[in-house]
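Participant: Dropping in target.cif, which is mmCIF, C-alpha atoms:
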data_data
loop_
_atom_site.label_atom_id
_atom_site.label_comp_id
_atom_site.auth_asym_id
_atom_site.auth_seq_id
_atom_site.Cartn_x
_atom_site.Cartn_y
_atom_site.Cartn_z
CA MET C 1 26.54 -34.53 56.32
CA LEU C 2 30.33 -35.06 56.27
CA ARG C 3 29.97 -37.43 53.31
CA SER C 4 28.00 -34.82 51.38
CA LEU C 5 30.62 -32.18 52.09
CA LEU C 6 33.46 -34.48 51.02
CA GLY C 7 31.57 -35.10 47.79
CA ALA C 8 31.21 -31.37 47.27
CA GLN C 9 34.92 -30.91 47.95
CA LYS C 10 35.77 -33.47 45.24
CA CYS C 11 33.46 -31.64 42.82
CA TRP C 12 35.32 -28.40 43.55
CA ALA C 13 38.61 -30.11 42.78
CA LEU C 14 37.18 -31.20 39.43
CA VAL C 15 36.07 -27.68 38.67
CA ARG C 16 39.60 -26.40 39.38
CA ALA C 17 41.12 -29.07 37.18
CA ARG C 18 38.77 -29.00 34.18
CA ASN C 19 37.03 -26.53 31.95
CA PRO C 20 34.01 -25.20 33.92
CA LEU C 21 32.06 -24.75 30.69
CA GLU C 22 32.52 -28.42 29.92
CA LEU C 23 31.24 -29.41 33.36
CA THR C 24 28.22 -27.14 33.05
CA ALA C 25 27.32 -28.61 29.69
CA LYS C 26 27.16 -32.06 31.27
CA MET C 27 24.91 -30.98 34.12
CA ALA C 28 21.28 -32.04 33.91
CA PRO C 29 19.04 -29.01 33.31
CA ILE C 30 17.36 -27.73 36.47
CA THR C 31 13.80 -26.49 36.06
CA TRP C 32 11.03 -25.06 38.18
CA ALA C 33 9.32 -28.43 38.34
CA ALA C 34 12.48 -30.10 39.61
CA SER C 35 13.13 -27.52 42.30
CA ASN C 36 11.45 -24.35 43.47
CA THR C 37 14.71 -22.89 44.76
CA ARG C 38 17.55 -23.94 42.47
CA HIS C 39 16.11 -23.39 38.98
CA TYR C 40 18.36 -21.84 36.34
CA SER C 41 16.14 -21.70 33.25
CA PRO C 42 12.97 -19.70 32.56
CA PRO C 43 9.83 -21.81 32.02
CA THR C 44 9.53 -22.93 28.39
CA HIS C 45 6.38 -21.05 27.39
CA ILE C 46 7.72 -17.84 28.97
CA LYS C 47 11.17 -18.12 27.40
CA GLN C 48 9.63 -18.36 23.94
CA SER C 49 8.56 -14.72 24.25
CA ALA C 50 12.05 -13.49 25.16
CA VAL C 51 12.85 -11.83 21.82
CA ALA C 52 9.53 -10.03 21.62
CA ASN C 53 9.88 -8.71 25.18
CA GLU C 54 13.54 -7.66 25.09
CA SER C 55 13.87 -4.19 26.63
CA GLY C 56 17.26 -3.17 25.22
CA THR C 57 20.29 -2.42 27.39
CA MET C 58 20.31 -1.83 31.14
CA ALA C 59 21.10 1.84 30.49
CA GLN C 60 17.94 2.11 28.37
CA ILE C 61 15.88 0.41 31.07
CA LYS C 62 17.08 2.93 33.64
CA GLN C 63 16.03 5.78 31.37
CA GLU C 64 12.63 4.22 30.72
CA MET C 65 11.98 3.71 34.43
CA MET C 66 12.81 7.33 35.15
CA LYS C 67 10.48 8.41 32.35
CA ARG C 68 7.62 6.29 33.71
CA LEU C 69 8.10 7.68 37.21
CA GLY C 70 8.37 11.26 36.00
CA LEU C 71 11.94 11.70 37.26
CA GLU C 72 14.60 13.89 35.68
CA PRO C 73 18.37 13.36 35.42
CA GLY C 74 20.55 15.23 37.87
CA TYR C 75 20.65 15.43 41.65
CA ASN C 76 18.38 17.67 43.68
CA PRO C 77 18.61 17.58 47.50
CA LEU C 78 14.85 18.25 47.56
CA PRO C 79 13.40 16.01 44.85
CA LYS C 80 10.29 17.07 42.98
CA SER C 81 7.11 16.26 44.92
CA ARG C 82 4.99 13.35 43.72
CA GLU C 83 2.06 13.97 46.05
CA HIS C 84 -0.14 14.92 43.11
CA LEU C 85 0.06 11.28 41.96
CA LEU C 86 -1.54 9.89 45.14
CA LYS C 87 -5.04 10.50 43.75
CA TYR C 88 -4.30 8.08 40.92
CA GLN C 89 -3.49 5.21 43.30
CA PRO C 90 -5.76 2.31 42.21
CA LYS C 91 -7.71 0.01 44.48
CA LEU C 92 -6.98 -3.69 44.44
CA GLU C 93 -10.36 -4.55 42.94
CA ASP C 94 -9.63 -2.23 39.98
CA LEU C 95 -6.48 -4.12 38.97
CA PRO C 96 -6.86 -6.92 36.38
CA ALA C 97 -5.11 -10.26 36.87
CA ARG C 98 -1.86 -10.83 35.02
CA ALA C 99 -0.07 -13.94 33.82
CA MET C 100 3.62 -14.47 34.53
CA GLN C 101 4.47 -14.22 30.84
CA ASP C 102 3.12 -10.65 30.86
CA SER C 103 6.04 -9.52 33.01
CA PHE C 104 8.75 -11.58 31.31
CA THR C 105 11.43 -9.39 29.82
CA SER C 106 15.16 -9.38 29.11
CA ALA C 107 17.98 -6.88 28.75
CA ILE C 108 21.61 -6.82 27.64
CA ILE C 109 24.78 -5.58 29.32
CA PRO C 110 26.82 -4.86 26.12
CA LEU C 111 30.30 -5.65 27.45
CA SER C 112 31.57 -6.85 24.05
CA THR C 113 31.07 -3.47 22.37
CA ASP C 114 31.13 -0.85 25.13
CA ARG C 115 34.78 -0.54 26.22
CA SER C 116 34.06 2.11 28.87
CA LEU C 117 31.48 -0.25 30.40
CA GLN C 118 34.06 -3.04 30.44
CA ASP C 119 36.26 -1.00 32.78
CA LYS C 120 33.50 -1.02 35.39
CA TYR C 121 32.79 -4.75 35.16
CA VAL C 122 36.12 -6.48 34.56
CA THR C 123 38.47 -7.87 37.23
CA TYR C 124 42.23 -7.89 36.86
CA LEU C 125 41.98 -11.54 35.74
CA GLY C 126 39.49 -10.69 32.99
CA SER C 127 36.43 -12.16 34.71
CA VAL C 128 33.35 -10.14 35.65
CA ARG C 129 32.76 -8.37 38.97
CA MET C 130 29.78 -10.11 40.53
CA GLY C 131 29.04 -7.04 42.63
CA ARG C 132 28.32 -5.04 39.47
CA LEU C 133 25.93 -7.73 38.30
CA LEU C 134 24.10 -7.63 41.64
CA GLU C 135 23.47 -3.92 41.06
CA ASP C 136 22.00 -4.67 37.64
CA MET C 137 19.89 -7.56 38.94
CA ASP C 138 18.37 -5.35 41.64
CA MET C 139 17.39 -2.69 39.10
CA PHE C 140 16.15 -5.33 36.66
CA ALA C 141 13.90 -6.85 39.36
CA ALA C 142 12.25 -3.44 39.76
CA TRP C 143 11.80 -3.28 35.97
CA CYS C 144 9.97 -6.64 36.04
CA CYS C 145 7.62 -5.08 38.62
CA HIS C 146 6.95 -2.25 36.18
CA LYS C 147 6.15 -4.79 33.46
CA HIS C 148 3.75 -6.65 35.74
CA LEU C 149 1.69 -3.57 36.58
CA LYS C 150 -1.35 -2.78 34.46
CA LEU C 151 -3.43 0.24 35.49
CA PRO C 152 -6.45 0.50 33.16
CA ASN C 153 -7.78 3.63 34.86
CA LEU C 154 -4.56 5.64 34.76
CA PRO C 155 -5.05 8.62 32.41
CA GLU C 156 -2.69 8.88 29.45
CA GLY C 157 0.33 11.04 30.17
CA VAL C 158 0.14 10.59 33.97
CA HIS C 159 3.26 9.17 35.56
CA LEU C 160 3.25 5.86 37.41
CA PRO C 161 1.94 6.46 40.97
CA TYR C 162 4.16 3.72 42.43
CA THR C 163 7.49 3.23 44.14
CA PHE C 164 9.27 -0.15 44.27
CA VAL C 165 11.75 -1.05 47.01
CA THR C 166 13.75 -4.22 47.64
CA ILE C 167 12.75 -6.05 50.82
CA LEU C 168 15.15 -8.96 50.57
CA VAL C 169 17.05 -11.23 48.23
CA ASP C 170 15.97 -14.76 49.08
CA ARG C 171 18.85 -16.66 47.53
CA ILE C 172 21.30 -16.54 44.64
CA ASP C 173 22.84 -19.74 43.27
CA PHE C 174 25.72 -19.99 40.80
CA THR C 175 26.70 -22.39 38.03
CA ASN C 176 30.31 -23.29 37.27
CA VAL C 177 30.57 -20.94 34.29
CA LEU C 178 33.34 -18.39 34.82
CA ALA C 179 31.83 -15.16 33.55
CA SER C 180 33.98 -12.98 31.29
CA GLY C 181 34.22 -9.22 31.70
CA THR C 182 34.36 -8.66 27.94
CA GLN C 183 31.36 -10.62 26.62
CA ASP C 184 27.68 -9.61 26.56
CA ILE C 185 25.53 -10.65 29.53
CA ARG C 186 21.78 -11.08 29.28
CA LEU C 187 19.36 -10.61 32.16
CA SER C 188 15.89 -12.12 31.98
CA GLY C 189 13.14 -12.51 34.52
CA HIS C 190 9.51 -12.29 35.47
CA VAL C 191 7.20 -11.93 38.45
CA SER C 192 6.74 -15.37 40.04
CA TRP C 193 4.42 -14.61 42.98
CA VAL C 194 2.50 -11.66 44.41
CA GLY C 195 0.78 -10.79 47.67
CA THR C 196 -1.38 -7.72 48.16
CA SER C 197 1.58 -5.35 47.81
CA SER C 198 4.62 -7.66 47.76
CA ILE C 199 6.13 -9.09 44.58
CA GLU C 200 8.56 -11.96 44.12
CA VAL C 201 10.74 -11.68 41.01
CA VAL C 202 13.05 -14.33 39.59
CA VAL C 203 16.04 -13.07 37.61
CA TRP C 204 18.47 -15.08 35.47
CA LEU C 205 21.90 -14.13 34.18
CA GLU C 206 23.38 -15.67 31.02
CA GLN C 207 26.53 -14.87 29.03
CA LEU C 208 27.23 -15.24 25.34
CA VAL C 209 29.88 -17.94 25.00
CA GLY C 210 30.79 -19.36 21.59
CA GLY C 211 27.61 -18.06 19.96
CA SER C 212 25.17 -19.34 22.59
CA TYR C 213 24.09 -18.15 26.03
CA GLN C 214 25.46 -20.06 29.02
CA LYS C 215 23.71 -19.80 32.38
CA LEU C 216 25.55 -17.93 35.15
CA THR C 217 23.14 -17.57 38.05
CA ARG C 218 19.58 -16.92 39.14
CA ALA C 219 18.20 -14.91 42.02
CA LEU C 220 14.92 -14.42 43.86
CA PHE C 221 14.05 -10.84 44.82
CA LEU C 222 11.20 -9.88 47.10
CA MET C 223 10.00 -6.37 46.29
CA ALA C 224 7.46 -4.10 47.96
CA ALA C 225 5.07 -1.86 46.04
CA ARG C 226 4.66 1.54 47.70
CA ASN C 227 2.62 4.60 46.81
CA ALA C 228 3.99 7.56 44.85
CA THR C 229 5.51 9.20 47.93
CA ASN C 230 6.79 5.94 49.49
CA THR C 231 4.66 6.51 52.59
CA ALA C 232 2.29 3.52 52.41
CA ALA C 233 1.83 0.15 50.73
CA ALA C 234 0.23 0.04 47.29
CA PRO C 235 -1.77 -2.85 45.78
CA VAL C 236 -0.50 -4.77 42.74
CA ASN C 237 -2.18 -6.87 40.06
CA PRO C 238 -2.91 -10.44 41.20
CA ILE C 239 -1.53 -13.37 39.20
CA GLN C 240 -3.75 -15.64 37.16
CA PRO C 241 -1.60 -18.62 36.06
CA ALA C 242 -1.74 -19.16 32.30
CA ASN C 243 -1.07 -22.91 32.51
CA GLU C 244 -0.02 -25.74 34.82
CA GLU C 245 3.62 -24.68 34.78
CA GLU C 246 2.73 -21.23 36.10
CA LYS C 247 0.54 -22.84 38.79
CA VAL C 248 3.60 -24.78 40.03
CA ILE C 249 5.68 -21.61 40.08
CA LEU C 250 3.00 -19.68 41.96
CA ALA C 251 2.65 -22.44 44.56
CA GLY C 252 6.44 -22.42 45.00
CA GLY C 253 6.33 -18.70 45.77
CA ALA C 254 3.68 -19.24 48.42
CA ASP C 255 5.75 -22.04 49.97
CA ARG C 256 8.84 -19.82 50.09
CA LYS C 257 6.86 -17.12 51.87
CA LYS C 258 5.81 -19.61 54.57
CA LYS C 259 9.38 -20.90 54.96
CA ARG C 260 10.72 -17.35 55.31
CA GLN C 261 8.19 -16.65 58.06
CA ILE C 262 9.14 -19.86 59.90
CA LEU C 263 12.88 -19.20 59.62
CA CYS C 264 12.42 -15.63 60.80
CA ALA C 265 10.46 -16.79 63.85
CA GLN C 266 13.12 -19.42 64.63
CA SER C 267 16.11 -17.09 64.23
CA VAL C 268 18.81 -17.64 66.82
CA PHE C 269 18.66 -13.90 67.45
CA LYS C 270 15.03 -14.27 68.61
CA VAL C 271 14.76 -17.69 70.29
CA GLU C 272 17.24 -19.99 72.00
CA PRO C 273 19.13 -22.59 69.94
CA ASN C 274 17.58 -26.06 69.66
CA ASP C 275 18.81 -29.09 71.62
CA PRO C 276 21.42 -30.33 69.10
CA GLU C 277 22.79 -26.80 68.80
CA GLN C 278 23.04 -26.44 72.57
CA THR C 279 25.00 -29.71 72.62
CA LEU C 280 27.31 -28.26 69.99
CA MET C 281 27.74 -25.11 72.09
CA TYR C 282 28.85 -27.23 75.05
CA GLU C 283 31.30 -29.14 72.84
CA LEU C 284 32.78 -25.83 71.69
CA TYR C 285 33.13 -24.78 75.32
CA LYS C 286 34.95 -28.02 76.19
CA ARG C 287 37.29 -27.71 73.21
CA THR C 288 38.35 -24.16 74.08
CA THR C 289 38.58 -24.38 77.90
CA PRO C 290 41.71 -25.75 79.63
CA SER C 291 41.14 -28.81 81.80
CA ASN C 292 43.89 -28.02 84.31
CA THR C 293 42.44 -24.78 85.71
CA LEU C 294 39.12 -23.21 86.63
CA GLU C 295 40.39 -19.69 86.02
CA LEU C 296 37.53 -17.46 84.86
CA ASN C 297 37.49 -16.58 81.13
CA LYS C 298 40.63 -18.62 80.46
CA ARG C 299 40.37 -19.98 76.90
CA ILE C 300 42.70 -22.01 74.70
CA LEU C 301 42.79 -22.12 70.90
CA PRO C 302 43.05 -25.66 69.47
CA PRO C 303 45.63 -26.33 66.73
CA ASN C 304 44.82 -25.15 63.20
CA CYS C 305 42.02 -22.91 64.48
CA ARG C 306 41.41 -19.18 64.62
CA TRP C 307 39.28 -17.03 66.89
CA MET C 308 36.26 -15.40 65.26
CA GLU C 309 37.24 -12.06 66.82
CA ASP C 310 40.40 -12.14 64.68
CA SER C 311 38.59 -13.13 61.49
CA TYR C 312 36.87 -10.08 60.07
CA GLN C 313 37.39 -7.16 57.70
CA MET C 314 35.80 -3.73 58.03
CA SER C 315 35.38 -0.69 55.81
CA THR C 316 33.61 2.65 56.31
CA ILE C 317 32.06 3.97 53.11
CA PRO C 318 30.80 7.54 52.62
CA SER C 319 27.77 7.48 50.34
CA PHE C 320 27.21 10.06 47.60
CA PRO C 321 24.33 11.02 45.30
CA GLU C 322 25.79 8.83 42.54
CA HIS C 323 24.82 5.85 44.74
CA ARG C 324 21.16 6.92 45.00
CA ASN C 325 18.05 5.21 43.65
CA HIS C 326 15.13 6.99 42.02
CA HIS C 327 13.95 8.26 45.40
CA ASN C 328 17.16 9.82 46.80
CA ARG C 329 18.00 6.87 49.02
CA VAL C 330 21.09 4.70 48.69
CA PHE C 331 20.50 2.18 45.91
CA GLY C 332 20.11 -1.35 47.27
CA GLY C 333 22.32 -2.70 44.50
CA PHE C 334 25.19 -0.48 45.67
CA LEU C 335 24.86 -1.91 49.19
CA MET C 336 24.87 -5.45 47.77
CA ARG C 337 27.96 -4.75 45.66
CA SER C 338 29.85 -3.17 48.55
CA ALA C 339 28.95 -6.02 50.91
CA LEU C 340 29.92 -8.71 48.41
CA GLU C 341 33.28 -7.14 47.65
CA ILE C 342 34.33 -6.76 51.29
CA SER C 343 33.05 -10.30 51.98
CA TRP C 344 35.13 -11.64 49.11
CA ALA C 345 38.15 -9.79 50.49
CA ALA C 346 37.51 -11.26 53.95
CA ALA C 347 37.25 -14.78 52.52
CA PHE C 348 40.39 -14.28 50.39
CA LEU C 349 42.46 -13.03 53.34
CA TYR C 350 41.14 -15.79 55.61
CA CYS C 351 41.78 -18.63 53.12
CA LYS C 352 45.02 -17.08 51.83
CA THR C 353 43.92 -18.05 48.33
CA ARG C 354 41.33 -16.87 45.82
CA PRO C 355 37.89 -18.14 46.94
CA LYS C 356 34.94 -19.10 44.74
CA LEU C 357 31.54 -17.61 45.51
CA GLU C 358 29.09 -20.49 45.85
CA HIS C 359 25.92 -18.99 47.27
CA ILE C 360 24.28 -15.79 48.52
CA SER C 361 21.30 -16.00 50.85
CA ASP C 362 18.95 -13.86 52.87
CA ILE C 363 20.02 -10.33 52.02
CA SER C 364 17.67 -8.24 54.14
CA PHE C 365 16.94 -4.53 53.88
CA GLU C 366 15.75 -3.37 57.29
CA LYS C 367 15.90 0.42 56.92
CA PRO C 368 16.47 2.94 54.11
CA VAL C 369 19.88 4.58 53.92
CA GLY C 370 20.26 8.30 53.19
CA VAL C 371 22.67 9.52 50.51
CA ASP C 372 24.56 11.54 53.14
CA SER C 373 25.28 8.49 55.33
CA PHE C 374 28.49 6.85 56.45
CA ILE C 375 28.08 3.09 56.00
CA LYS C 376 30.22 0.71 58.05
CA MET C 377 30.55 -2.70 56.40
CA THR C 378 31.93 -5.52 58.54
CA ALA C 379 32.46 -9.00 57.12
CA TYR C 380 32.84 -11.76 59.74
CA VAL C 381 33.93 -15.36 59.18
CA VAL C 382 31.28 -17.05 61.32
CA TYR C 383 31.55 -20.70 60.30
CA THR C 384 33.89 -23.04 58.42
CA LYS C 385 33.61 -26.64 57.24
CA LEU C 386 36.30 -28.46 55.29
CA ASN C 387 37.05 -26.08 52.38
CA TYR C 388 34.00 -23.83 52.88
CA VAL C 389 33.81 -20.43 54.56
CA GLN C 390 30.55 -18.82 55.70
CA ILE C 391 30.60 -15.03 55.86
CA MET C 392 28.10 -12.81 57.65
CA THR C 393 28.37 -9.16 56.63
CA VAL C 394 26.64 -6.43 58.61
CA ALA C 395 25.95 -2.93 57.29
CA ASP C 396 25.58 -0.19 59.92
CA VAL C 397 24.73 3.45 59.31
CA LEU C 398 26.79 5.79 61.52
CA ASP C 399 25.35 8.96 62.98
CA THR C 400 28.09 11.55 62.40
CA HIS C 401 26.86 13.74 65.27
CA THR C 402 26.28 11.22 68.05
CA GLY C 403 28.47 8.31 66.95
CA ASN C 404 25.53 5.92 67.27
CA GLN C 405 25.04 3.21 64.68
CA VAL C 406 21.99 1.36 63.38
CA THR C 407 22.09 -1.94 61.47
CA THR C 408 20.33 -1.59 58.12
CA ASN C 409 21.35 -4.76 56.27
CA THR C 410 22.64 -8.27 56.86
CA PHE C 411 24.22 -10.42 54.14
CA TYR C 412 25.24 -14.10 54.09
CA TYR C 413 27.77 -15.56 51.65
CA THR C 414 29.18 -19.06 51.16
CA PHE C 415 32.67 -19.31 49.61
CA SER C 416 34.81 -22.34 48.81
CA ALA C 417 38.57 -22.73 48.64
CA PRO C 418 40.71 -25.33 46.83
CA ASP C 419 41.92 -26.83 50.12
CA THR C 420 40.74 -27.30 53.68
CA VAL C 421 40.60 -23.98 55.53
CA THR C 422 41.53 -23.07 59.09
CA GLU C 423 38.61 -23.70 61.45
CA VAL C 424 37.04 -20.61 62.98
CA LEU C 425 35.88 -20.81 66.61
CA PRO C 426 33.80 -18.48 68.78
CA ARG C 427 35.25 -17.15 72.01
CA SER C 428 32.24 -15.42 73.58
CA TYR C 429 28.58 -16.37 73.93
CA HIS C 430 27.64 -13.65 71.43
CA GLU C 431 30.08 -15.07 68.89
CA THR C 432 28.68 -18.55 69.54
CA MET C 433 25.23 -17.31 68.46
CA TRP C 434 26.79 -16.04 65.26
CA TYR C 435 28.52 -19.40 64.81
CA ILE C 436 25.19 -21.23 65.16
CA GLN C 437 23.53 -18.80 62.73
CA GLY C 438 26.35 -19.24 60.23
CA ARG C 439 26.11 -23.01 60.53
CA ARG C 440 22.38 -22.85 59.78
CA LYS C 441 22.94 -20.68 56.71
CA PHE C 442 25.73 -22.95 55.46
CA GLU C 443 23.68 -26.13 55.82
CA ALA C 444 20.71 -24.51 54.09
CA SER C 445 22.84 -23.24 51.21
CA MET C 446 24.43 -26.64 50.68
CA GLY C 447 21.12 -28.47 50.82
CA LEU C 448 22.10 -30.30 54.01
CA LYS C 449 19.13 -29.11 56.04
#
Would you mind writing the file out in structure tokens?

Facilitator:
Amino acid sequence: MLRSLLGAQKCWALVRARNPLELTAKMAPITWAASNTRHYSPPTHIKQSAVANESGTMAQIKQEMMKRLGLEPGYNPLPKSREHLLKYQPKLEDLPARAMQDSFTSAIIPLSTDRSLQDKYVTYLGSVRMGRLLEDMDMFAAWCCHKHLKLPNLPEGVHLPYTFVTILVDRIDFTNVLASGTQDIRLSGHVSWVGTSSIEVVVWLEQLVGGSYQKLTRALFLMAARNATNTAAAPVNPIQPANEEEKVILAGGADRKKKRQILCAQSVFKVEPNDPEQTLMYELYKRTTPSNTLELNKRILPPNCRWMEDSYQMSTIPSFPEHRNHHNRVFGGFLMRSALEISWAAAFLYCKTRPKLEHISDISFEKPVGVDSFIKMTAYVVYTKLNYVQIMTVADVLDTHTGNQVTTNTFYYTFSAPDTVTEVLPRSYHETMWYIQGRRKFEASMGLK
């Protein structure tokens, strides 16, 4: 494991020293067949239909989705009822099978021509704000769900009797391309797996560099199809693979579902750590407990280390209607952007240098958030290794009347720094569980487990 991390650290040094575009060009292309989790390019037969299926700009997609759902611009505290659409809810047996290429689509973020849009996306260094792109990717994943649906019995002129919500973001990987805040970015994606009412969507980001699109990242979104009033699950069209390549993709989606179920059941927050982890916990205890006294709760901090309780950043965010989705709840993309930006700040302040975002994993959406909520975002440094920092960010909704708080989202981010970072150590048993969880997420993100 240490050898792999040292190799990764050398690669990071190369990235800092050389043109990242040059390095990316020399990377071997990663495809679905090569890996079900770290693919960066759409399957060949699907990509060929990209031009025909382009949906315009992200602003146009938002308008089209509102039109399909029968929603109107402007905020209304009591949104128009959609109960009349429940009678149009189809049964599963009435839905025809769809191929993956049926849902493939793409859209443009026109940063090169829309100067007012640039102001929202650009950083002070001229690169792009990844949090803004997460917002777009979340909305685009919902658009792919719209493209997948085919309701042959829906009367003409009747609005779509569906609601789509984000359940989780499985993982987001990044290439070494440094995205610009002033050049067009293209999103593309398609449905890659479906259950009865759940939909997995893969989304790619590319940027126009020197006349051709360079790959930035790809993400896996797990969406849930709900009925028109968002009160029950709704069935979706099954997938009928069009060829062998789509069969591989579909099988990969099924495998990921099984792995998610296993990881959820084995969570350190549900069951005790395994034997090697319990050994590690004892080693942490020995490192941080003085040998010359048995005084209760007496702890010592080893050199070049920092307590976890001193390694976090927190922000309380009031939400407003401008942050809402189509159903008057806080937009999941806004939560992802807010969490990423405070996590980046936490990593920056911890490393004392500008960090590089390497990986995002397991963004879960446990409960909906109202547009009148106060959202407390807390980003904790829960694990470090060499020049890597693992952040766990927790979103809590605060009850303004009682002061109680409920956790609605958890986010995990892996950052890297140019040099070795200060080691973070847990002081309490609770923090040790977070340390173990962070270590698991780090090893999974780096392909070490």

Participant: Show me as a list in words the residues that reach within 6 Å of (35.9, -18.7, 48.3), counting all atoms listed in the file and using the file's own coordinates.

Facilitator: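 It turns out the residues near that spot are Ala347, Pro355, Lys356, Leu357, Phe415, Ser416 and Ala417 of chain C.
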
Participant: Once the PyMOL selection byres ((chain C and resi 142) around 12) has been evaluated on this model, what residues remain selected, and can you format them as a ChimeraX atom specification?

Facilitator: /C:58,61-62,64-66,103,105,135-141,143-149,162-167,189-191,198-203,221-225,325-326,331-333

Participant: So which one's closest to Thr393 of chain C, C:Val381, C:Leu301, C:Leu154, C:Leu263? Using only C-alpha atoms, please.

Facilitator: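 The shortest atom-to-atom distance to Thr393 of chain C comes from C:Val381.
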
Participant: Build an axis-aligned box that encloses every atom of segment 322-329 of chain C listed in the file, pad it by 6 Å on each side, and report its centre and edge lengths in Å to one decimal, as JSON.

Facilitator:
{"center_x": 19.9, "center_y": 7.5, "center_z": 45.5, "size_x": 23.8, "size_y": 16.6, "size_z": 19.0}

Participant: Anything within 12 Å of (27.5, -15.8, 48.2): list those residues as JSON, numbers by chain, counting only C-alpha atoms and sticking to the file's coordinates.

Facilitator: {"C": [130, 131, 134, 169, 170, 171, 172, 173, 174, 217, 219, 336, 337, 339, 340, 341, 342, 343, 344, 347, 355, 356, 357, 358, 359, 360, 361, 362, 363, 388, 389, 390, 391, 392, 393, 411, 412, 413, 414, 415, 416, 441, 442, 445, 446]}

Participant: Between atom CA of Phe320 of chain C and atom CA of Asp372 of chain C, measure the distance and give it in Å to one decimal.

Facilitator: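 So the answer is 6.3 Å.
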
Participant: Can you complete the atoms of segment 115-130 of chain C to N, CA and C atoms and list them as an mmCIF file, in the coordinates of the input?

Facilitator:
data_model
loop_
_atom_site.group_PDB
_atom_site.id
_atom_site.type_symbol
_atom_site.label_atom_id
_atom_site.label_comp_id
_atom_site.auth_asym_id
_atom_site.auth_seq_id
_atom_site.Cartn_x
_atom_site.Cartn_y
_atom_site.Cartn_z
ATOM 1 N N ARG C 115 33.503 -0.402 25.511
ATOM 2 C CA ARG C 115 34.780 -0.540 26.220
ATOM 3 C C ARG C 115 34.782 0.224 27.547
ATOM 4 N N SER C 116 34.100 1.362 27.613
ATOM 5 C CA SER C 116 34.060 2.110 28.870
ATOM 6 C C SER C 116 33.268 1.334 29.921
ATOM 7 N N LEU C 117 32.254 0.587 29.479
ATOM 8 C CA LEU C 117 31.480 -0.250 30.400
ATOM 9 C C LEU C 117 32.330 -1.406 30.910
ATOM 10 N N GLN C 118 33.184 -1.947 30.036
ATOM 11 C CA GLN C 118 34.060 -3.040 30.440
ATOM 12 C C GLN C 118 34.903 -2.668 31.656
ATOM 13 N N ASP C 119 35.398 -1.430 31.675
ATOM 14 C CA ASP C 119 36.260 -1.000 32.780
ATOM 15 C C ASP C 119 35.564 -1.102 34.129
ATOM 16 N N LYS C 120 34.250 -0.953 34.141
ATOM 17 C CA LYS C 120 33.500 -1.020 35.390
ATOM 18 C C LYS C 120 33.219 -2.459 35.822
ATOM 19 N N TYR C 121 33.231 -3.379 34.875
ATOM 20 C CA TYR C 121 32.790 -4.750 35.160
ATOM 21 C C TYR C 121 33.933 -5.760 35.252
ATOM 22 N N VAL C 122 35.084 -5.462 34.672
ATOM 23 C CA VAL C 122 36.120 -6.480 34.560
ATOM 24 C C VAL C 122 37.017 -6.496 35.801
ATOM 25 N N THR C 123 37.472 -7.709 36.180
ATOM 26 C CA THR C 123 38.470 -7.870 37.230
ATOM 27 C C THR C 123 39.853 -7.902 36.589
ATOM 28 N N TYR C 124 40.889 -7.896 37.418
ATOM 29 C CA TYR C 124 42.230 -7.890 36.860
ATOM 30 C C TYR C 124 42.567 -9.208 36.157
ATOM 31 N N LEU C 125 41.778 -10.258 36.417
ATOM 32 C CA LEU C 125 41.980 -11.540 35.740
ATOM 33 C C LEU C 125 41.134 -11.671 34.476
ATOM 34 N N GLY C 126 40.308 -10.641 34.193
ATOM 35 C CA GLY C 126 39.490 -10.690 32.990
ATOM 36 C C GLY C 126 38.090 -11.235 33.203
ATOM 37 N N SER C 127 37.784 -11.682 34.416
ATOM 38 C CA SER C 127 36.430 -12.160 34.710
ATOM 39 C C SER C 127 35.549 -10.965 35.073
ATOM 40 N N VAL C 128 34.282 -11.225 35.372
ATOM 41 C CA VAL C 128 33.350 -10.140 35.650
ATOM 42 C C VAL C 128 33.209 -9.936 37.150
ATOM 43 N N ARG C 129 32.990 -8.686 37.556
ATOM 44 C CA ARG C 129 32.760 -8.370 38.970
ATOM 45 C C ARG C 129 31.310 -8.712 39.315
ATOM 46 N N MET C 130 31.130 -9.694 40.174
ATOM 47 C CA MET C 130 29.780 -10.110 40.530
ATOM 48 C C MET C 130 29.010 -8.995 41.234
#
